[in-house]
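*Asks:* Before I ask anything, here is the structure I am working with.
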Amino acid sequence: MTKAITAKSKSDSTGSQGIFAPIKVHRTFEAVIERIIDAIDAQGLGDGDRLPNEKEMTALLEVSRPTLRQALRILENSGVLRIKPGQAGGVFVASGMIPLDVVGKNIAHEAQQVAELIATRRLLEPIVYHLAAENATSEEFDRIEDTIRLIDLHIADPKMVSRADGMFHRRIAHAARNPILLRAMSGIYRQLSPLRGALDNDEQHARHTIEVHSRLLAAMRARDHERLGVLLHQTFVDLEAEFKVDAPHSVRWVSVGEAEKPSGRSKTGPPRL
């Protein structure tokens, strides 16, 4: 006989709220994985037992759906869960015998992929921003600025703030006028999207995003590559601290003539990549 955990209201302290309590602190998909494994162990669940669906789990755990799906994917690949699509489907326990060694390896692989994505972003994104500063029209800068206004308009809605933030980066990538870089950055942003839900997404964070984006845009409009480089560096430092990864390399904007000088960096002349 199989069991099922069903979602109940937050006022029901004896229901699934006690099993899937909200994840209040700053965590990643690992916290979701731990919570699901703990629930399986605590309830003695086994093969075929049903867990709450995605919508219910995101509400109970108070995490984004992309973050939950990342955790579910790892647990499914580890043989812990079985995901059945469709109206009659759902999230089911594949085995009560949790292969913690396999789960640990898959988490480590995911964490390594995150580190590689962020390191790659640190290398490519400055090129995109500097090219956009050189190539963007005033209309393109205005469209980028529109995304900052959207963040402010929806500042109390983390989902809409995240979408507007994504628009900001994509419009800059388009303004760089390099299709290959655009495809590369689109892939990076797409893969990083599930991870953004694991970060702080409150109103204070949204206001900080507006401030940072506004400074970046101002530097691009002024074609102030030195200022833009400083701002981007700090942005990456903050991002890497949030994800707890270290990117070993970065790039900076120098002119072709500057790069060819044997004496090294010059203090004069317009900077170029």
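As shown in the structure tokens, the chain order sets the letters A, B, ...; within each chain, residues go from 1, and ligands are also counted from 1 in the order they appear.
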Mind dumping a table of every segment 137-182 of chain A residue within 10 Å of segment 218-232 of chain A, with the nearest atom pair and its distance in Å to one decimal, using only C-alpha atoms, sorted by chain and rising number, as CSV?
*Replies:*
residue,atom,partner,partner_atom,distance
A:Thr137,CA,A:Arg221,CA,9.2
A:Ser138,CA,A:Arg221,CA,8.2
A:Phe141,CA,A:Arg221,CA,7.2
A:Asp142,CA,A:Arg221,CA,9.9
A:Glu145,CA,A:Ala218,CA,9.6
A:Ile172,CA,A:Met220,CA,9.8
*Asks:* Give me the residues within 9 Å of Ala71 of chain A as number ranges by chain, counting only C-alpha atoms and dropping any in the same chain fewer than 6 places off.
*Replies:* A: 29-33, 107
*Asks:* Would you mind listing what lies within 9 Å of Lys105 of chain A as a PyMOL selection string, with only C-alpha atoms counted and same-chain residues fewer than 5 positions away left out?
*Replies:* chain A and resi 78+100+110
*Asks:* Could the residues in this selection be saved with N, CA and C atoms as an mmCIF file, in the first residue's frame?
*Replies:*
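Written out: out.cif:
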data_model
loop_
_atom_site.group_PDB
_atom_site.id
_atom_site.type_symbol
_atom_site.label_atom_id
_atom_site.label_comp_id
_atom_site.auth_asym_id
_atom_site.auth_seq_id
_atom_site.Cartn_x
_atom_site.Cartn_y
_atom_site.Cartn_z
ATOM 1 N N SER A 78 19.288 10.561 -9.621
ATOM 2 C CA SER A 78 19.937 9.761 -8.576
ATOM 3 C C SER A 78 19.117 8.530 -8.192
ATOM 4 N N LEU A 100 22.658 7.913 -0.993
ATOM 5 C CA LEU A 100 23.262 9.195 -0.664
ATOM 6 C C LEU A 100 24.570 9.448 -1.408
ATOM 7 N N GLU A 110 26.589 19.225 -10.178
ATOM 8 C CA GLU A 110 25.772 20.423 -10.400
ATOM 9 C C GLU A 110 26.510 21.662 -9.902
#
*Asks:* Here is a test: counting only C-alpha atoms, which residue of A:Glu62, A:Glu76, A:Glu125, A:Glu116 is nearest to Ala184 of chain A?
*Replies:*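 Under the stated criterion, the closest residue is A:Glu125.
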*Asks:* What are the DSSP alpha helix (DSSP H) residues of segment 45-269 of chain A, as a PyMOL selection string?
*Replies:* chain A and resi 54-61+65-77+100-135+138-153+158-175+179-196+203-221+225-243+256-260
*Asks:* Ile127 of chain A: which residues within 10 Å, counting only C-alpha atoms, same-chain residues fewer than 2 positions away excluded, as a list of chain:residue names?
*Replies:*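 Near neighbours after the sequence-gap exclusion: A:Arg121, A:Arg122, A:Leu123, A:Leu124, A:Glu125, A:Tyr129, A:His130, A:Leu131, A:Ala132, A:Ala133, A:Ala173, A:Ala176, A:Leu181, A:Gly229, A:Val251, A:Arg252, A:Trp253, A:Arg272, A:Leu273.
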*Asks:* Pick out the closest residue to Arg207 of chain A from this set: A:Ile148, A:Ala247, A:Met167, A:Val256. Count only C-alpha atoms.
*Replies:* A:Ile148
*Asks:* With only C-alpha atoms as the counted atoms, please give the residues lying no more than 9 Å from Arg69 of chain A, apart from itself and same-chain residues fewer than 4 positions off, as an NGL selection string.
*Replies:* :A and (29 or 54 or 64-65 or 73-74 or 194)
*Asks:* Return the single residue from A:Ala115, A:Ser250, A:Ile36, A:Gly166 that is closest to Leu61 of chain A, with distances computed using only C-alpha atoms.
*Replies:*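 Of A:Ala115, A:Ser250, A:Ile36, A:Gly166, the one nearest Leu61 of chain A, counting only C-alpha atoms, is A:Ile36.
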*Asks:* Can you pull out every residue within 10 Å of segment 95-97 of chain A, counting only C-alpha atoms, but drop anything in the same chain fewer than 6 positions away, and send it as a list in words?
*Replies:*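 Contacts, with the query itself left out: Ile37, Ile40, Asp41, Gln43, Gly44, Leu45, Gly46, Asp47, Gly48, Asp49, Gly79, Val80, Leu81 and Arg82 of chain A.
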*Asks:* With C-alpha atoms kept, could you save the residues just selected as a short mmCIF file (atom, residue, chain, number, x, y, z; two decimals), in the first residue's frame?
*Replies:*
data_model
loop_
_atom_site.label_atom_id
_atom_site.label_comp_id
_atom_site.auth_asym_id
_atom_site.auth_seq_id
_atom_site.Cartn_x
_atom_site.Cartn_y
_atom_site.Cartn_z
CA ILE A 37 15.12 13.36 1.52
CA ILE A 40 11.00 10.57 2.72
CA ASP A 41 12.93 9.25 5.72
CA GLN A 43 7.48 9.45 6.76
CA GLY A 44 8.93 6.04 5.90
CA LEU A 45 8.01 6.50 2.24
CA GLY A 46 8.90 3.92 -0.37
CA ASP A 47 8.49 2.97 -4.01
CA GLY A 48 5.35 4.51 -5.50
CA ASP A 49 4.48 6.90 -2.67
CA GLY A 79 17.12 7.21 -8.50
CA VAL A 80 15.32 8.78 -5.53
CA LEU A 81 12.26 10.12 -7.34
CA ARG A 82 10.21 9.24 -10.39
#
*Asks:* Identify, on the basis of only C-alpha atoms, every residue whose closest approach to Ser186 of chain A does not exceed 10 Å; exclude the query and any residue fewer than 4 positions from it along the same chain; express the result as number ranges by chain.
*Replies:* A: 166, 169-170, 173-174, 180-182, 190-192
*Asks:* Return the single residue from A:Val63, A:Val161, A:Leu239, A:Val254 that is closest to Leu117 of chain A, with distances computed using only C-alpha atoms.
*Replies:*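 Answer, going by the shortest atom-to-atom distance: A:Leu239.
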*Asks:* Go through A:Thr147, A:Gln204, A:Ser193, A:Ser255 one by one, measure the shortest atom-to-atom distance of each to Leu217 of chain A using only C-alpha atoms, and give the residue with the smallest value.
*Replies:*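 Closest to Leu217 of chain A, using only C-alpha atoms: A:Thr147.
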*Asks:* Calculated over only C-alpha atoms, which of the candidates A:Glu34, A:Thr58, A:Arg149, A:Pro52 has the smallest distance to Val103 of chain A?
*Replies:* A:Glu34
*Asks:* Work out how far apart atom CA of Asp38 of chain A and atom CA of Gly90 of chain A are and give it in Å to one decimal.
*Replies:* 19.2 Å
